[in-house]
$ cat my_file_25.json   # JSON, C-alpha atoms
[["chain", "number", "residue", "atom", "x", "y", "z"],
["A", 271, "MET", "CA", 13.22, -1.35, 11.52],
["A", 272, "THR", "CA", 10.00, -2.94, 12.78],
["A", 273, "LEU", "CA", 7.05, -0.66, 13.42],
["A", 274, "PRO", "CA", 4.60, -1.44, 16.22],
["A", 275, "ASN", "CA", 1.14, -2.71, 15.44],
["A", 276, "VAL", "CA", -0.88, 0.49, 15.75],
["A", 277, "ASP", "CA", -4.18, -0.31, 14.03],
["A", 278, "GLY", "CA", -4.97, -3.93, 14.74],
["A", 279, "GLU", "CA", -3.10, -5.39, 11.78],
["A", 280, "ARG", "CA", -0.15, -7.75, 11.86],
["A", 281, "PRO", "CA", 3.20, -6.06, 12.49],
["A", 282, "ARG", "CA", 4.24, -4.66, 9.13],
["A", 283, "GLY", "CA", 7.85, -5.65, 9.61],
["A", 284, "SER", "CA", 9.69, -2.99, 7.63],
["A", 285, "TYR", "CA", 10.20, 0.73, 7.45],
["A", 286, "ALA", "CA", 9.19, 0.72, 3.77],
["A", 287, "LYS", "CA", 5.83, -0.85, 4.62],
["A", 288, "GLY", "CA", 5.32, 1.73, 7.35],
["A", 289, "ILE", "CA", 5.95, 4.53, 4.86],
["A", 290, "ALA", "CA", 3.51, 2.97, 2.42],
["A", 291, "ARG", "CA", 0.86, 2.63, 5.13],
["A", 292, "ARG", "CA", 1.32, 6.27, 6.14],
["A", 293, "GLN", "CA", 0.89, 7.32, 2.51],
["A", 294, "GLN", "CA", -2.29, 5.26, 2.19],
["A", 295, "ILE", "CA", -3.74, 6.98, 5.25],
["A", 296, "LEU", "CA", -2.67, 10.37, 3.93],
["A", 297, "ASP", "CA", -4.23, 9.77, 0.51],
["A", 298, "ARG", "CA", -7.52, 8.77, 2.10],
["A", 299, "ALA", "CA", -7.41, 11.77, 4.45],
["A", 300, "ILE", "CA", -6.91, 14.06, 1.43],
["A", 301, "GLU", "CA", -10.09, 12.65, -0.13],
["A", 302, "VAL", "CA", -11.99, 13.29, 3.10],
["A", 303, "PHE", "CA", -10.74, 16.84, 3.59],
["A", 304, "ALA", "CA", -11.18, 17.75, -0.06],
["A", 305, "GLN", "CA", -14.88, 17.03, 0.40],
["A", 306, "ARG", "CA", -15.53, 18.55, 3.79],
["A", 307, "GLY", "CA", -12.65, 20.81, 4.85],
["A", 308, "SER", "CA", -11.23, 20.71, 8.35],
["A", 309, "ASP", "CA", -14.29, 21.55, 10.47],
["A", 310, "ARG", "CA", -11.97, 21.38, 13.51],
["A", 311, "THR", "CA", -13.15, 17.87, 14.34],
["A", 312, "SER", "CA", -11.24, 15.50, 16.58],
["A", 313, "LEU", "CA", -8.49, 13.14, 15.49],
["A", 314, "ARG", "CA", -10.70, 10.25, 16.58],
["A", 315, "ALA", "CA", -13.58, 11.39, 14.34],
["A", 316, "ILE", "CA", -11.21, 11.81, 11.39],
["A", 317, "ALA", "CA", -9.76, 8.34, 11.99],
["A", 318, "GLN", "CA", -13.27, 6.91, 11.72],
["A", 319, "GLU", "CA", -13.88, 8.70, 8.42],
["A", 320, "VAL", "CA", -10.49, 7.70, 7.02],
["A", 321, "GLY", "CA", -11.05, 4.09, 8.08],
["A", 322, "VAL", "CA", -8.24, 3.56, 10.58],
["A", 323, "THR", "CA", -7.97, 3.59, 14.35],
["A", 324, "HIS", "CA", -7.23, 6.66, 16.43],
["A", 325, "SER", "CA", -3.93, 5.07, 17.49],
["A", 326, "ALA", "CA", -2.87, 4.74, 13.84],
["A", 327, "LEU", "CA", -3.28, 8.46, 13.19],
["A", 328, "THR", "CA", -1.52, 9.30, 16.44],
["A", 329, "HIS", "CA", 1.35, 6.99, 15.54],
["A", 330, "TYR", "CA", 1.90, 8.39, 12.06],
["A", 331, "PHE", "CA", 1.02, 12.06, 12.58],
["A", 332, "GLY", "CA", 1.26, 12.81, 16.29],
["A", 333, "SER", "CA", -1.57, 15.34, 16.57],
["A", 334, "LEU", "CA", -4.59, 16.69, 14.74],
["A", 335, "GLU", "CA", -2.70, 19.81, 13.70],
["A", 336, "GLU", "CA", 0.24, 17.83, 12.31],
["A", 337, "LEU", "CA", -2.19, 15.69, 10.32],
["A", 338, "LEU", "CA", -3.88, 18.79, 8.88],
["A", 339, "VAL", "CA", -0.52, 20.24, 7.85],
["A", 340, "GLU", "CA", 0.56, 17.01, 6.17],
["A", 341, "VAL", "CA", -2.77, 16.61, 4.39],
["A", 342, "TYR", "CA", -2.46, 20.08, 2.89],
["A", 343, "ARG", "CA", 1.21, 19.70, 1.98],
["A", 344, "GLU", "CA", 0.65, 16.36, 0.29],
["A", 345, "SER", "CA", -2.37, 17.69, -1.58],
["A", 346, "VAL", "CA", -0.27, 20.56, -2.94],
["A", 347, "ARG", "CA", 2.53, 18.16, -3.90],
["A", 348, "GLN", "CA", 0.09, 16.00, -5.85],
["A", 349, "ILE", "CA", -1.50, 18.97, -7.61],
["A", 350, "ASP", "CA", 1.88, 20.52, -8.47],
["A", 351, "GLY", "CA", 3.12, 17.18, -9.73],
["A", 352, "ASP", "CA", 0.24, 17.06, -12.21],
["A", 353, "SER", "CA", 0.66, 20.69, -13.32],
["A", 354, "PRO", "CA", 3.32, 21.81, -15.79],
["A", 355, "GLU", "CA", 5.72, 24.56, -14.77],
["A", 356, "PRO", "CA", 4.39, 27.87, -16.10],
["A", 357, "PRO", "CA", 6.44, 29.46, -18.89],
["A", 358, "PRO", "CA", 9.03, 32.11, -17.89],
["A", 359, "GLU", "CA", 6.88, 35.00, -19.13],
["A", 360, "THR", "CA", 4.03, 34.12, -16.77],
["A", 361, "THR", "CA", 3.41, 36.94, -14.30],
["A", 362, "PRO", "CA", 2.94, 36.39, -10.54],
["A", 363, "GLY", "CA", -0.72, 37.33, -10.89],
["A", 364, "GLU", "CA", -1.20, 34.78, -13.66],
["A", 365, "MET", "CA", 0.44, 32.12, -11.51],
["A", 366, "MET", "CA", -1.89, 32.85, -8.62],
["A", 367, "ARG", "CA", -4.90, 32.94, -10.96],
["A", 368, "SER", "CA", -4.03, 29.42, -12.14],
["A", 369, "SER", "CA", -3.76, 28.33, -8.52],
["A", 370, "ALA", "CA", -7.14, 29.91, -7.74],
["A", 371, "GLU", "CA", -8.72, 28.05, -10.64],
["A", 372, "ARG", "CA", -7.40, 24.73, -9.33],
["A", 373, "ASN", "CA", -8.47, 25.57, -5.78],
["A", 374, "ARG", "CA", -12.08, 26.06, -6.82],
["A", 375, "GLN", "CA", -12.20, 22.35, -7.62],
["A", 376, "VAL", "CA", -11.34, 21.41, -4.01],
["A", 377, "PRO", "CA", -13.03, 23.95, -1.69],
["A", 378, "GLY", "CA", -12.39, 21.70, 1.28],
["A", 379, "MET", "CA", -8.64, 22.19, 0.84],
["A", 380, "VAL", "CA", -9.12, 25.95, 0.57],
["A", 381, "GLN", "CA", -10.96, 25.85, 3.89],
["A", 382, "LEU", "CA", -8.23, 23.67, 5.40],
["A", 383, "TYR", "CA", -5.55, 26.13, 4.28],
["A", 384, "SER", "CA", -7.47, 29.04, 5.83],
["A", 385, "THR", "CA", -7.84, 27.10, 9.07],
["A", 386, "LEU", "CA", -4.10, 26.43, 9.26],
["A", 387, "VAL", "CA", -3.16, 30.05, 8.59],
["A", 388, "ALA", "CA", -5.61, 31.24, 11.26],
["A", 389, "ALA", "CA", -4.21, 28.73, 13.75],
["A", 390, "ALA", "CA", -0.66, 29.88, 12.97],
["A", 391, "LEU", "CA", -1.50, 33.27, 14.49],
["A", 392, "GLU", "CA", -2.43, 31.73, 17.85],
["A", 393, "ASP", "CA", -0.10, 30.63, 20.63],
["A", 394, "GLY", "CA", 0.54, 26.93, 21.01],
["A", 395, "HIS", "CA", 0.09, 25.97, 17.37],
["A", 396, "ASP", "CA", 3.69, 25.22, 16.46],
["A", 397, "ALA", "CA", 2.97, 22.95, 13.49],
["A", 398, "ALA", "CA", 0.61, 25.45, 11.85],
["A", 399, "HIS", "CA", 3.01, 28.32, 12.57],
["A", 400, "ALA", "CA", 5.95, 26.51, 10.99],
["A", 401, "PHE", "CA", 3.84, 25.54, 7.98],
["A", 402, "ALA", "CA", 2.52, 29.06, 7.32],
["A", 403, "THR", "CA", 5.87, 30.76, 7.91],
["A", 404, "GLU", "CA", 7.73, 28.41, 5.58],
["A", 405, "ARG", "CA", 5.04, 28.57, 2.92],
["A", 406, "PHE", "CA", 4.89, 32.35, 2.81],
["A", 407, "ALA", "CA", 8.69, 32.69, 2.79],
["A", 408, "GLY", "CA", 9.09, 30.18, -0.03],
["A", 409, "LEU", "CA", 6.23, 31.60, -2.09],
["A", 410, "ARG", "CA", 7.50, 35.18, -1.68],
["A", 411, "ALA", "CA", 10.95, 34.16, -2.87],
["A", 412, "HIS", "CA", 9.54, 32.25, -5.85],
["A", 413, "LEU", "CA", 7.23, 35.06, -6.93],
["A", 414, "ALA", "CA", 9.91, 37.73, -6.40],
["A", 415, "ASP", "CA", 12.18, 35.86, -8.82],
["A", 416, "ARG", "CA", 9.31, 35.76, -11.31],
["A", 417, "VAL", "CA", 8.81, 39.53, -10.89],
["A", 418, "ARG", "CA", 12.51, 40.13, -11.65],
["A", 419, "ASP", "CA", 12.25, 37.98, -14.77],
["A", 420, "ASN", "CA", 9.18, 39.88, -15.92],
["A", 421, "GLN", "CA", 10.84, 43.21, -15.23],
["A", 422, "ALA", "CA", 13.86, 42.19, -17.28],
["A", 423, "GLU", "CA", 11.52, 41.21, -20.15],
["A", 424, "GLY", "CA", 9.65, 44.52, -19.93],
["A", 425, "ARG", "CA", 6.37, 42.95, -18.86],
["A", 426, "LEU", "CA", 6.20, 44.48, -15.39],
["A", 427, "ARG", "CA", 7.08, 47.92, -14.12],
["A", 428, "ARG", "CA", 10.72, 48.34, -13.14],
["A", 429, "ASP", "CA", 10.02, 50.92, -10.42],
["A", 430, "VAL", "CA", 8.45, 48.39, -8.02],
["A", 431, "ASP", "CA", 10.30, 46.24, -5.50],
["A", 432, "PRO", "CA", 10.03, 42.52, -6.41],
["A", 433, "GLU", "CA", 9.81, 41.37, -2.78],
["A", 434, "LEU", "CA", 6.99, 43.81, -2.04],
["A", 435, "VAL", "CA", 5.14, 42.88, -5.22],
["A", 436, "ALA", "CA", 5.38, 39.21, -4.24],
["A", 437, "ALA", "CA", 3.99, 39.94, -0.76],
["A", 438, "LEU", "CA", 1.20, 42.05, -2.27],
["A", 439, "VAL", "CA", 0.16, 39.37, -4.77],
["A", 440, "ILE", "CA", 0.05, 36.72, -2.03],
["A", 441, "ALA", "CA", -1.97, 38.99, 0.25],
["A", 442, "ALA", "CA", -4.41, 39.77, -2.55],
["A", 443, "SER", "CA", -4.79, 36.13, -3.56],
["A", 444, "ASP", "CA", -5.28, 34.83, -0.02],
["A", 445, "GLY", "CA", -7.70, 37.61, 0.85],
["A", 446, "LEU", "CA", -9.72, 37.04, -2.30],
["A", 447, "GLN", "CA", -9.72, 33.32, -1.59],
["A", 448, "THR", "CA", -11.26, 33.96, 1.83],
["A", 449, "GLN", "CA", -13.89, 36.22, 0.28],
["A", 450, "TRP", "CA", -14.65, 33.50, -2.29],
["A", 451, "LEU", "CA", -15.18, 30.95, 0.49],
["A", 452, "LEU", "CA", -17.76, 33.29, 2.03],
["A", 453, "ASP", "CA", -19.30, 34.38, -1.27],
["A", 454, "PRO", "CA", -18.66, 32.31, -4.43],
["A", 455, "ALA", "CA", -19.73, 35.29, -6.53],
["A", 456, "VAL", "CA", -16.41, 37.02, -5.78],
["A", 457, "ASP", "CA", -14.31, 36.85, -8.96],
["A", 458, "HIS", "CA", -10.90, 35.90, -7.57],
["A", 459, "GLU", "CA", -9.26, 35.54, -10.96],
["A", 460, "ALA", "CA", -10.57, 38.80, -12.41],
["A", 461, "ALA", "CA", -9.32, 40.75, -9.40],
["A", 462, "LEU", "CA", -5.84, 39.25, -9.75],
["A", 463, "GLY", "CA", -5.94, 40.07, -13.46],
["A", 464, "MET", "CA", -6.64, 43.69, -12.60],
["A", 465, "LEU", "CA", -3.67, 43.69, -10.21],
["A", 466, "ASP", "CA", -1.47, 42.40, -13.03],
["A", 467, "ARG", "CA", -2.63, 45.25, -15.25],
["A", 468, "LEU", "CA", -1.83, 47.79, -12.54],
["A", 469, "LEU", "CA", 1.69, 46.36, -12.27],
["A", 470, "ALA", "CA", 2.27, 46.01, -16.02],
["A", 471, "ALA", "CA", 4.89, 48.07, -17.79],
["A", 472, "PRO", "CA", 3.31, 50.92, -19.85],
["A", 473, "ASP", "CA", 3.89, 49.19, -23.20],
["A", 474, "SER", "CA", 3.29, 45.66, -21.95],
["A", 475, "ALA", "CA", 0.46, 43.38, -23.02],
["A", 476, "ALA", "CA", 0.42, 41.59, -19.62],
["A", 477, "GLY", "CA", -2.90, 40.69, -18.08]]

$ encode --input "my_file_25.json" --output "structure tokens"
Amino acid sequence: MTLPNVDGERPRGSYAKGIARRQQILDRAIEVFAQRGSDRTSLRAIAQEVGVTHSALTHYFGSLEELLVEVYRESVRQIDGDSPEPPPETTPGEMMRSSAERNRQVPGMVQLYSTLVAAALEDGHDAAHAFATERFAGLRAHLADRVRDNQAEGRLRRDVDPELVAALVIAASDGLQTQWLLDPAVDHEAALGMLDRLLAAPDSAAG
């Protein structure tokens, strides 16, 4: 499959080269957004910062919103790929505390995430809506399984619903993250630690 020449270069000639070019653009876009967040700038302005033409971004990502979604998803994939899977006894609150600690290193991505979630609540933002809906559903399921494991091990209370605990932990973490963006003095991790202690089984050492 031959891709069209979308940024002034010679035709790349193969699908594999097109995939590699898209990844190069995405990696550079991640660097840009990690430094400055989304700022709701135009696709053309982002193309200039990334170092490609507007037509290149349009070709590979379609729209500004689709680019923002892919930048965030790829950033998460790269971070997760470098992070070991937490041990089975890790509580949902501990998992989100680790995530908060990593997020503090890339505030631009935290801002980008908040922008996407806000856009998902508005009409006409299909890419952001699909992203947020899928993310929350997947994260709830993952954390609910972790709650069940912790309940079976006696670390968390057995009289709480795992699905509701998962939703509560996500809501707390995202809300604290927003507060931290507005005021870095907010102790995101300590608040999640307190939530873990509230959910801990009476004889547990969790938190």

$ residues_near_point --input "my_file_25.json" --point "(-2.8, 28.2, 6.4)" --cutoff "10 Å" --atoms "all atoms listed in the file" --output "number ranges by chain"
A: 338-339, 342, 380-391, 398-399, 401-403, 405-406, 444

$ closest_residue --input "my_file_25.json" --among "A:Leu337, A:Leu462, A:Leu469, A:Ala304" --to "A:Arg427" --atoms "all atoms listed in the file"
A:Leu469

$ closest_residue --input "my_file_25.json" --among "A:Val302, A:Leu446, A:Leu413, A:Leu334" --to "A:Gly378" --atoms "all atoms listed in the file"
A:Val302

$ closest_residue --input "my_file_25.json" --among "A:Leu465, A:Asp297, A:Gly363, A:Arg291" --to "A:Arg343" --atoms "all atoms listed in the file"
A:Asp297

$ residues_near_point --input "my_file_25.json" --point "(-6.7, 24.8, -5.5)" --cutoff "12 Å" --atoms "all atoms listed in the file" --output "ChimeraX atom specification"
/A:304,342,345-350,353,365-383,443-444,447

$ atom_distance --input "my_file_25.json" --atom1 "atom CA of A:Glu319" --atom2 "atom CA of A:Ala290"
19.3 Å

$ closest_residue --input "my_file_25.json" --among "A:Thr361, A:Glu335, A:His329, A:Ala436" --to "A:Ala407" --atoms "only C-alpha atoms"
A:Ala436

$ atom_distance --input "my_file_25.json" --atom1 "atom CA of A:Ser333" --atom2 "atom CA of A:Gly408"
24.7 Å

$ atom_distance --input "my_file_25.json" --atom1 "atom CA of A:Glu433" --atom2 "atom CA of A:Glu459"
21.6 Å
